[in-house]
file structure06.cif (mmCIF, C-alpha atoms)
data_target
#
loop_
_atom_site.label_atom_id
_atom_site.label_comp_id
_atom_site.auth_asym_id
_atom_site.auth_seq_id
_atom_site.Cartn_x
_atom_site.Cartn_y
_atom_site.Cartn_z
CA MET A 221 -18.19 -89.81 52.65
CA SER A 222 -18.50 -93.17 54.39
CA LYS A 223 -14.71 -93.32 54.36
CA ILE A 224 -14.44 -90.12 56.44
CA LEU A 225 -17.13 -91.39 58.78
CA GLY A 226 -15.20 -94.62 59.16
CA GLN A 227 -11.95 -92.79 59.89
CA ALA A 228 -13.74 -90.67 62.52
CA LEU A 229 -15.15 -93.80 64.14
CA VAL A 230 -11.71 -95.39 64.25
CA VAL A 231 -10.22 -92.28 65.91
CA VAL A 232 -13.02 -92.18 68.51
CA ALA A 233 -12.61 -95.90 69.19
CA VAL A 234 -8.85 -95.60 69.66
CA LEU A 235 -9.26 -92.59 71.97
CA ALA A 236 -11.87 -94.48 74.02
CA LEU A 237 -9.56 -97.47 74.34
CA VAL A 238 -6.64 -95.30 75.42
CA HIS A 239 -8.91 -93.57 77.92
CA ALA A 240 -10.10 -96.93 79.29
CA ALA A 241 -6.49 -98.09 79.69
CA PHE A 242 -5.51 -94.87 81.43
CA SER A 243 -8.56 -95.08 83.75
CA THR A 244 -7.61 -98.64 84.68
CA TYR A 245 -4.11 -97.51 85.59
CA GLU A 246 -5.43 -94.61 87.66
CA HIS A 247 -7.98 -96.80 89.43
CA LEU A 248 -5.47 -99.48 90.35
CA SER A 249 -2.80 -97.03 91.50
CA THR A 250 -5.35 -95.25 93.73
CA LEU A 251 -6.38 -98.55 95.29
CA LYS A 252 -2.71 -99.47 95.77
CA ALA A 253 -2.02 -96.16 97.52
CA LEU A 254 -4.93 -96.88 99.87
CA SER A 255 -3.47 -100.44 100.27
CA ARG A 256 -6.72 -102.02 99.23
CA PRO A 257 -5.66 -104.32 96.34
CA SER A 258 -8.53 -105.38 94.08
CA THR A 259 -8.86 -107.79 91.15
CA THR A 260 -11.95 -106.34 89.51
CA LEU A 261 -12.49 -103.12 87.56
CA PRO A 262 -15.41 -100.72 87.77
CA ILE A 263 -18.15 -101.63 85.31
CA SER A 264 -17.86 -98.24 83.52
CA ILE A 265 -14.29 -98.96 82.36
CA ILE A 266 -15.26 -102.39 81.05
CA ILE A 267 -18.20 -100.87 79.17
CA GLU A 268 -15.94 -98.19 77.70
CA ALA A 269 -13.50 -100.79 76.36
CA ILE A 270 -16.31 -102.87 74.84
CA VAL A 271 -17.91 -99.78 73.25
CA SER A 272 -14.52 -98.88 71.79
CA LEU A 273 -14.31 -102.33 70.14
CA ALA A 274 -17.89 -102.01 68.89
CA LEU A 275 -17.06 -98.66 67.26
CA PHE A 276 -13.73 -99.85 65.87
CA ILE A 277 -15.06 -102.81 63.87
CA PRO A 278 -17.60 -100.92 61.69
CA GLY A 279 -15.19 -97.96 61.55
CA ILE A 280 -12.27 -99.87 60.06
CA THR A 281 -14.63 -101.66 57.66
CA LEU A 282 -15.87 -98.34 56.31
CA ALA A 283 -12.43 -96.73 56.26
CA SER A 284 -10.57 -99.43 54.33
CA ASP A 285 -10.19 -99.35 50.53
CA THR A 286 -12.21 -101.57 48.24
CA LEU A 287 -10.96 -105.13 48.14
CA GLU A 288 -8.66 -106.21 45.32
CA ASP A 289 -9.48 -109.20 43.18
CA VAL A 290 -6.52 -111.44 43.93
CA THR A 291 -7.53 -114.42 41.82
CA TYR A 292 -5.61 -115.31 38.66
CA ARG A 293 -8.82 -114.78 36.72
CA GLY A 294 -9.13 -111.21 37.98
CA GLU A 295 -5.47 -110.50 37.29
CA LEU A 296 -5.57 -111.88 33.75
CA ALA A 297 -8.74 -109.92 32.95
CA LYS A 298 -6.85 -106.70 33.70
CA ARG A 299 -3.88 -107.42 31.45
CA SER A 300 -3.81 -106.07 27.92
CA ILE A 301 -2.65 -108.21 25.02
CA ASP A 302 0.79 -106.50 25.22
CA ASP A 303 1.22 -107.38 28.87
CA GLN A 304 0.64 -111.06 28.34
CA ASP A 305 3.66 -113.14 27.69
CA ALA A 306 6.03 -110.36 26.54
CA ARG A 307 9.02 -112.71 27.09
CA MET A 308 11.43 -110.00 28.25
CA GLY A 309 14.24 -112.55 28.71
CA PHE A 310 14.13 -113.35 25.00
CA MET A 311 13.41 -109.79 23.91
CA ILE A 312 14.93 -108.59 20.65
CA PRO A 313 15.76 -104.86 20.65
CA SER A 314 13.51 -103.12 18.18
CA ARG A 315 15.14 -102.45 14.83
CA ARG A 316 12.74 -99.72 13.86
CA GLY A 317 12.76 -97.98 17.25
CA LYS A 318 16.00 -96.22 16.37
CA ALA A 319 14.50 -94.57 13.33
CA ILE A 320 11.50 -93.19 15.18
CA PHE A 321 12.62 -92.58 18.76
CA GLY A 322 16.42 -92.76 18.42
CA ASP A 323 19.12 -90.30 19.37
CA GLN A 324 19.70 -88.38 16.16
CA MET B 410 -7.73 -98.40 39.81
CA THR B 411 -5.45 -95.41 40.08
CA SER B 412 -1.81 -95.85 40.88
CA THR B 413 1.24 -93.64 40.96
CA ASP B 414 3.83 -93.71 38.20
CA LEU B 415 6.21 -95.58 40.47
CA GLU B 416 3.61 -98.29 41.10
CA THR B 417 2.84 -98.57 37.39
CA LEU B 418 6.54 -99.08 36.61
CA ALA B 419 6.88 -101.62 39.42
CA ARG B 420 3.86 -103.52 38.10
CA TRP B 421 5.36 -103.65 34.60
CA ARG B 422 8.61 -104.97 36.05
CA THR B 423 6.75 -107.69 37.95
CA ILE B 424 4.64 -108.94 35.08
CA GLY B 425 7.45 -108.44 32.56
CA ALA B 426 5.67 -106.03 30.22
CA ARG B 427 7.66 -104.15 27.60
CA HIS B 428 5.99 -100.71 27.07
CA SER B 429 9.37 -99.14 26.23
CA GLU B 430 8.08 -95.73 25.23
CA GLU B 431 5.95 -95.30 28.35
CA VAL B 432 8.74 -96.61 30.58
CA ILE B 433 11.09 -93.88 29.32
CA GLU B 434 8.46 -91.19 29.78
CA LEU B 435 7.40 -92.26 33.28
CA GLY B 436 10.88 -93.35 34.33
CA LEU B 437 12.52 -90.01 33.58
CA LYS B 438 9.68 -88.20 35.35
CA VAL B 439 10.01 -90.36 38.45
CA LEU B 440 13.83 -90.08 38.48
CA LYS B 441 13.55 -86.30 38.33
CA SER B 442 11.14 -86.17 41.25
CA GLY B 443 13.66 -88.04 43.39
CA ARG B 444 11.62 -90.05 45.90
CA LEU B 445 12.67 -93.54 44.85
CA GLY B 446 14.08 -95.33 47.86
CA ASP B 447 15.31 -98.84 47.21
CA GLN B 448 13.56 -99.03 43.84
CA GLU B 449 16.08 -96.74 42.17
CA TRP B 450 18.40 -99.43 40.78
CA ALA B 451 15.66 -101.72 39.51
CA LEU B 452 14.11 -98.69 37.84
CA ARG B 453 17.40 -97.68 36.22
CA GLU B 454 17.78 -101.20 34.82
CA GLN B 455 14.24 -101.06 33.43
CA LEU B 456 14.91 -97.64 31.95
CA ALA B 457 18.19 -98.79 30.39
CA ILE B 458 16.46 -101.70 28.64
CA ALA B 459 13.60 -99.50 27.42
CA ALA B 460 16.05 -96.89 26.10
CA LEU B 461 18.15 -99.35 24.14
CA ASP B 462 14.98 -100.90 22.77
CA LEU B 463 14.11 -97.55 21.23
CA GLY B 464 17.67 -96.83 20.13
CA GLN B 465 18.25 -94.03 22.66
CA ASN B 466 21.73 -95.32 23.32
CA ASP B 467 23.03 -92.27 25.22
CA LEU B 468 20.32 -92.52 27.84
CA SER B 469 20.82 -96.25 28.11
CA GLN B 470 24.61 -95.90 28.40
CA ALA B 471 24.23 -93.33 31.18
CA GLN B 472 22.03 -95.67 33.22
CA ILE B 473 24.33 -98.64 32.64
CA ASN B 474 27.38 -96.60 33.74
CA LEU B 475 25.59 -95.68 36.98
CA LEU B 476 24.67 -99.31 37.56
CA HIS B 477 28.28 -100.40 36.91
CA ARG B 478 29.51 -97.94 39.51
CA LYS B 479 26.98 -99.21 42.06
CA PHE B 480 27.38 -102.93 41.30
CA PRO B 481 30.87 -103.61 39.90
CA ASP B 482 31.26 -107.09 38.36
CA SER B 483 27.54 -107.83 38.52
CA PRO B 484 26.54 -110.36 35.82
CA ARG B 485 23.10 -108.77 35.64
CA VAL B 486 24.60 -105.42 34.62
CA LYS B 487 26.91 -107.14 32.12
CA ILE B 488 23.81 -108.53 30.40
CA LEU B 489 22.78 -104.89 29.87
CA ASP B 490 26.18 -104.24 28.22
CA GLY B 491 25.45 -107.07 25.82
CA LEU B 492 21.93 -105.81 25.14
CA LEU B 493 23.26 -102.36 24.30
CA LEU B 494 25.76 -103.89 21.85
CA GLU B 495 22.90 -105.89 20.29
CA SER B 496 20.88 -102.73 19.93
CA LYS B 497 23.81 -101.06 18.15
CA GLY B 498 24.02 -104.05 15.83
CA LYS B 499 27.38 -105.31 17.11
CA VAL B 500 26.26 -108.92 17.25
CA ASN B 501 29.66 -110.60 17.60
CA GLU B 502 30.78 -108.36 20.46
CA ALA B 503 27.49 -109.01 22.26
CA LYS B 504 28.02 -112.73 21.78
CA ASP B 505 31.48 -112.43 23.37
CA VAL B 506 29.95 -110.72 26.40
CA TYR B 507 27.47 -113.57 26.90
CA ASP B 508 30.08 -116.26 26.27
CA ASN B 509 32.35 -114.71 28.89
CA LEU B 510 29.48 -114.66 31.38
CA LEU B 511 28.82 -118.34 30.70
CA LYS B 512 32.52 -119.10 31.26
CA ILE B 513 32.18 -117.73 34.80
CA ASP B 514 28.83 -119.37 35.49
CA GLU B 515 27.41 -121.79 32.95
CA THR B 516 23.95 -121.68 34.53
CA ASN B 517 23.48 -117.98 33.85
CA ILE B 518 19.91 -118.14 32.53
CA SER B 519 19.83 -114.60 31.13
CA ALA B 520 23.01 -115.16 29.12
CA LEU B 521 21.63 -118.42 27.70
CA GLN B 522 18.37 -116.70 26.79
CA ARG B 523 20.23 -113.84 25.14
CA LEU B 524 22.33 -116.23 23.02
CA ILE B 525 19.13 -117.86 21.76
CA SER B 526 17.47 -114.53 20.90
CA LEU B 527 20.72 -113.44 19.25
CA THR B 528 20.46 -116.45 16.96
CA ILE B 529 16.88 -115.48 16.10
CA SER B 530 17.66 -111.82 15.44
CA SER B 531 21.00 -112.08 13.65
CA SER B 532 20.62 -114.68 10.91
CA SER B 533 18.21 -113.77 8.17
CA THR B 534 16.01 -116.43 6.60
CA SER B 535 16.52 -119.68 8.45
CA SER B 536 16.63 -117.88 11.78
CA SER B 537 13.98 -119.80 13.68
CA SER B 538 15.12 -123.20 12.49
CA ALA B 539 18.61 -122.41 13.78
CA ALA B 540 17.29 -121.29 17.14
CA ILE B 541 15.03 -124.31 17.76
CA PRO B 542 17.82 -126.81 18.60
CA LEU B 543 19.43 -124.26 20.93
CA LEU B 544 16.12 -123.59 22.62
CA LEU B 545 15.38 -127.30 23.00
CA LYS B 546 18.74 -127.83 24.66
CA TYR B 547 18.06 -124.91 26.98
CA LEU B 548 14.56 -126.19 27.88
CA ASP B 549 16.00 -129.63 28.56
CA ILE B 550 17.88 -128.07 31.45
CA PHE B 551 15.53 -125.27 32.48
CA TYR B 552 12.19 -126.95 31.99
CA SER B 553 10.23 -124.56 34.18
CA ASP B 554 10.81 -121.44 32.06
CA PRO B 555 7.38 -120.58 30.59
CA SER B 556 8.73 -117.92 28.22
CA GLY B 557 11.01 -120.53 26.66
CA TRP B 558 8.13 -122.87 25.84
CA SER B 559 6.06 -119.97 24.58
CA LEU B 560 8.88 -118.91 22.25
CA LEU B 561 9.45 -122.49 21.09
CA SER B 562 5.80 -122.82 20.16
CA GLU B 563 5.98 -119.59 18.18
CA LEU B 564 9.12 -120.69 16.34
CA TYR B 565 7.51 -124.01 15.42
CA CYS B 566 4.47 -122.11 14.14
CA GLU B 567 6.74 -119.99 11.92
CA GLN B 568 8.11 -123.24 10.46
CA GLY B 569 4.59 -124.55 9.89
CA MET B 570 5.18 -127.41 12.35
CA TYR B 571 1.87 -127.03 14.13
CA LEU B 572 1.83 -130.39 15.90
CA GLN B 573 5.17 -129.63 17.54
CA ALA B 574 3.90 -126.17 18.39
CA LEU B 575 0.87 -127.74 20.09
CA ASP B 576 3.21 -130.02 21.96
CA SER B 577 5.29 -127.14 23.35
CA ILE B 578 2.13 -125.24 24.28
CA SER B 579 1.01 -128.26 26.27
CA HIS B 580 4.24 -128.04 28.29
CA LEU B 581 3.38 -124.41 28.90
CA LEU B 582 -0.07 -125.48 30.10
CA VAL B 583 1.57 -127.82 32.60
CA ILE B 584 3.76 -125.01 33.97
CA GLN B 585 1.09 -122.29 34.00
CA PRO B 586 -2.25 -124.08 34.30
CA TRP B 587 -4.06 -120.90 35.37
CA ASP B 588 -3.40 -118.89 32.23
CA GLU B 589 -6.40 -119.01 29.90
CA ASN B 590 -4.47 -117.23 27.15
CA ASN B 591 -2.23 -120.25 26.73
CA VAL B 592 -5.29 -122.47 26.40
CA ARG B 593 -6.70 -120.08 23.81
CA ARG B 594 -3.39 -120.16 21.94
CA ALA B 595 -3.50 -123.96 21.95
CA GLY B 596 -6.98 -123.72 20.44
CA GLU B 597 -5.83 -121.32 17.75
CA ILE B 598 -2.85 -123.48 16.84
CA ALA B 599 -5.07 -126.55 16.63
CA TYR B 600 -7.40 -124.59 14.34
CA THR B 601 -4.49 -123.65 12.08
CA ALA B 602 -3.36 -127.26 12.06
CA GLY B 603 -6.83 -128.24 10.88
CA ASP B 604 -7.93 -130.17 13.96
CA TYR B 605 -11.18 -128.26 14.52
CA GLN B 606 -12.64 -130.60 17.14
CA LEU B 607 -9.56 -130.26 19.31
CA SER B 608 -9.48 -126.52 18.71
CA LEU B 609 -13.09 -126.23 19.88
CA LYS B 610 -12.28 -128.20 23.04
CA HIS B 611 -9.39 -125.87 23.91
CA LEU B 612 -11.36 -122.71 23.15
CA LEU B 613 -14.33 -123.82 25.24
CA ARG B 614 -11.98 -124.62 28.10
CA ALA B 615 -10.40 -121.15 27.82
CA LEU B 616 -13.86 -119.61 27.84
CA GLU B 617 -14.76 -121.55 30.96
CA MET B 618 -11.59 -120.26 32.63
CA GLN B 619 -12.60 -116.65 31.94
CA GLY B 620 -15.59 -117.19 34.19
CA ASP B 621 -19.33 -116.81 33.95
CA LYS B 622 -21.52 -113.74 34.28
CA GLN B 623 -20.68 -113.09 37.94
CA THR B 624 -16.97 -113.82 37.90
CA ASN B 625 -15.84 -112.52 34.49
CA VAL B 626 -14.32 -109.16 35.29
CA ASN B 627 -13.93 -108.02 31.71
CA PRO B 628 -16.71 -109.49 29.52
CA LYS B 629 -15.74 -107.29 26.54
CA ARG B 630 -13.16 -109.83 25.42
CA THR B 631 -14.56 -111.64 22.38
CA ARG B 632 -11.46 -113.22 20.89
CA ILE B 633 -12.34 -116.66 22.23
CA TRP B 634 -15.92 -116.34 20.98
CA TRP B 635 -14.61 -115.50 17.48
CA GLY B 636 -12.40 -118.59 17.63
CA ILE B 637 -15.35 -120.74 18.63
CA LYS B 638 -17.46 -119.28 15.84
CA LEU B 639 -14.75 -120.06 13.26
CA ALA B 640 -14.13 -123.61 14.47
CA VAL B 641 -17.85 -124.37 14.64
CA SER B 642 -18.55 -123.05 11.15
CA ARG B 643 -15.69 -125.11 9.74
CA LEU B 644 -17.15 -128.21 11.36
CA LEU B 645 -20.68 -127.44 10.16
CA GLU B 646 -19.44 -126.93 6.59
CA SER B 647 -18.65 -130.62 6.17
CA SER B 648 -21.40 -133.04 5.32
CA ASN B 649 -20.21 -135.83 7.58
CA LEU B 650 -18.77 -134.77 10.93
CA ASN B 651 -17.06 -138.08 11.59
CA GLN B 652 -15.00 -137.86 8.44
CA ILE B 653 -13.08 -134.80 9.59
CA GLU B 654 -9.66 -135.77 10.79
CA THR B 655 -9.13 -135.15 14.49
CA SER B 656 -7.23 -136.51 17.47
CA VAL B 657 -10.29 -136.26 19.71
CA PRO B 658 -11.78 -139.72 20.44
CA ILE B 659 -15.15 -140.30 18.80
CA GLU B 660 -17.20 -140.44 22.01
CA MET B 661 -15.83 -137.07 23.14
CA ARG B 662 -16.45 -135.13 19.94
CA THR B 663 -18.94 -132.29 19.80
CA THR B 664 -22.14 -133.45 18.13
CA GLU B 665 -23.91 -131.63 15.32
CA LYS B 666 -26.74 -130.54 17.61
CA GLN B 667 -24.28 -129.01 20.09
CA LEU B 668 -22.41 -127.35 17.24
CA LYS B 669 -25.56 -125.63 15.99
CA LEU B 670 -26.38 -124.35 19.45
CA LEU B 671 -22.78 -123.17 19.91
CA ASP B 672 -22.97 -121.37 16.57
CA GLU B 673 -26.02 -119.42 17.69
CA LEU B 674 -24.57 -118.69 21.10
CA SER B 675 -21.24 -117.41 19.77
CA THR B 676 -22.99 -115.12 17.28
CA GLU B 677 -25.15 -113.74 20.05
CA LYS B 678 -22.23 -113.17 22.41
CA ILE B 679 -20.02 -111.48 19.80
CA LEU B 680 -22.81 -109.05 18.93
CA GLN B 681 -23.69 -108.49 22.59
CA TYR B 682 -20.19 -107.78 23.95
CA GLY B 683 -18.14 -106.59 21.01
CA GLY B 684 -21.01 -105.34 18.87
CA GLY B 685 -19.98 -101.75 18.34
CA LYS B 686 -22.34 -99.28 16.71
CA GLY B 687 -23.55 -98.28 13.25
CA ILE B 688 -21.46 -99.61 10.39
CA ASN B 689 -19.29 -101.77 12.67
CA LEU B 690 -22.33 -103.66 13.87
CA GLU B 691 -23.60 -104.09 10.31
CA VAL B 692 -20.27 -105.47 9.11
CA LYS B 693 -20.11 -107.87 12.03
CA ARG B 694 -23.66 -109.07 11.37
CA LYS B 695 -22.79 -109.75 7.73
CA VAL B 696 -19.61 -111.66 8.59
CA LEU B 697 -21.36 -113.70 11.27
CA SER B 698 -24.33 -114.60 9.07
CA GLY B 699 -21.99 -115.90 6.40
CA ASP B 700 -22.95 -113.38 3.71
CA VAL B 701 -19.33 -112.32 3.47
CA VAL B 702 -17.15 -115.34 3.03
CA VAL B 703 -13.75 -114.88 4.59
CA ARG B 704 -11.20 -117.29 3.26
#

call {"tool": "encode", "arguments": {"input": "structure06.cif", "output": "structure tokens"}}
result
Amino acid sequence: MSKILGQALVVVAVLALVHAAFSTYEHLSTLKALSRPSTTLPISIIIEAIVSLALFIPGITLASDTLEDVTYRGELAKRSIDDQDARMGFMIPSRRGKAIFGDQ
Amino acid sequence: MTSTDLETLARWRTIGARHSEEVIELGLKVLKSGRLGDQEWALREQLAIAALDLGQNDLSQAQINLLHRKFPDSPRVKILDGLLLESKGKVNEAKDVYDNLLKIDETNISALQRLISLTISSSSTSSSSAAIPLLLKYLDIFYSDPSGWSLLSELYCEQGMYLQALDSISHLLVIQPWDENNVRRAGEIAYTAGDYQLSLKHLLRALEMQGDKQTNVNPKRTRIWWGIKLAVSRLLESSNLNQIETSVPIEMRTTEKQLKLLDELSTEKILQYGGGKGINLEVKRKVLSGDVVVR
């Protein structure tokens, strides 16, 4: 449930950011057409961009998968006794395998 | 953790697990479904090895033929040829394959490894003693191969040369210092060799590496606790602790008071984590309390 909420938040945040970028472009091109160059943006666009960031951070936190344990300890705890130290380089083909699983 | 069949197979390839039967089952399923991408050839190699391990030579041969067509003259595929011959029991022909590979490139690690395992598998009684000199020569050159040291330790154990086995395990500990299973193995070998103080040191270290309550991901593992219990009870059996032969210096030995506490703790932990129910629990209680003497 929280994952879907998170994904929705991320989508809203991205849309808001795209909208803010588009508004900036529109605003500046209008000013340019009126030959009144300006270096500042209207406060509403700035607020929109900041709100988008504020939505994105909790959104992506909720939407991401659970973190993996990347320590050696965590990895070794997951391995079964067969997985440890199977020494595939020195493996000897099973002599009994043929009788049970073999072709005939 | 859920993962797709393809991811499971890739994980087994990475950690070098055998699982031949499952590899064939999953591998054929994945090959049928098609979506493989660049993993196809690695998967076919894995499948070929699994098939020849189980004596399904037709399947293995089919995969190897495909690999030959894709990678002509690849030494890695030629190793598979040799493996298939080994699986069919044609030892001398397999040996020729590996010798030819070594003629082209004398540092071909796989071929050297195969020649050593061929020595182990082909001769009957004195197999491990014949393989040890070969393996030592190999490890002299390729020191950093952990599987080599692991095998050497096992071969020494088969010969009853436990001190040498401990020595090769200690090389393994230098190469893979993070692996608690190697430390546990060192403890078990020391126990078999009769050096219970040293065994206890190794086992306690392995236990420490597994982590405490917060960090131990899988607390159901009790093998180390059983080892500790055994070593401690052997030490407590003797009337004078200092008379037991050990390589641990006197000031670093575990004292009798510590041993008694460890004995209680290991009993508690074994019952807590691996206790089981009903009759299992009863049997474990009896063994741990010393009513049933296991010799």

call {"tool": "resolve_selection", "arguments": {"input": "structure06.cif", "expression": "the PyMOL selection byres ((chain A) within 6 of (chain B))", "output": "ChimeraX atom specification"}}
result
/A:297,303,306-307,310,313-314,317-318,321-323

call {"tool": "atom_distance", "arguments": {"input": "structure06.cif", "atom1": "CA of Ala503 (chain B)", "atom2": "CA of Ser483 (chain B)"}}
result
16.3 Å

call {"tool": "resolve_selection", "arguments": {"input": "structure06.cif", "expression": "the PyMOL selection byres ((chain A and resi 238-249) around 12)", "output": "PyMOL selection string"}}
result
chain A and resi 231-237+250-273

call {"tool": "closest_residue", "arguments": {"input": "structure06.cif", "among": "B:Asp604, B:Glu617, B:Asp554, B:Asp482", "to": "Leu575 (chain B)", "atoms": "all atoms listed in the file"}}
result
B:Asp604

call {"tool": "resolve_selection", "arguments": {"input": "structure06.cif", "expression": "the PyMOL selection byres ((chain A and resi 226) around 12)", "output": "ChimeraX atom specification"}}
result
/A:221-225,227-233,275-285

call {"tool": "atom_distance", "arguments": {"input": "structure06.cif", "atom1": "CA of His580 (chain B)", "atom2": "CA of Cys566 (chain B)"}}
result
15.3 Å

call {"tool": "atom_distance", "arguments": {"input": "structure06.cif", "atom1": "CA of Leu572 (chain B)", "atom2": "CA of Pro542 (chain B)"}}
result
16.6 Å

call {"tool": "closest_residue", "arguments": {"input": "structure06.cif", "among": "B:Val432, B:Leu690, B:Ala574, B:Leu650", "to": "Leu561 (chain B)", "atoms": "only C-alpha atoms"}}
result
B:Ala574

call {"tool": "axis_aligned_box", "arguments": {"input": "structure06.cif", "around": "region 488-504 of chain B", "padding_each_side": "3 Å", "output": "JSON"}}
result
{"center_x": 25.8, "center_y": -106.9, "center_z": 23.1, "size_x": 15.9, "size_y": 17.7, "size_z": 20.6}
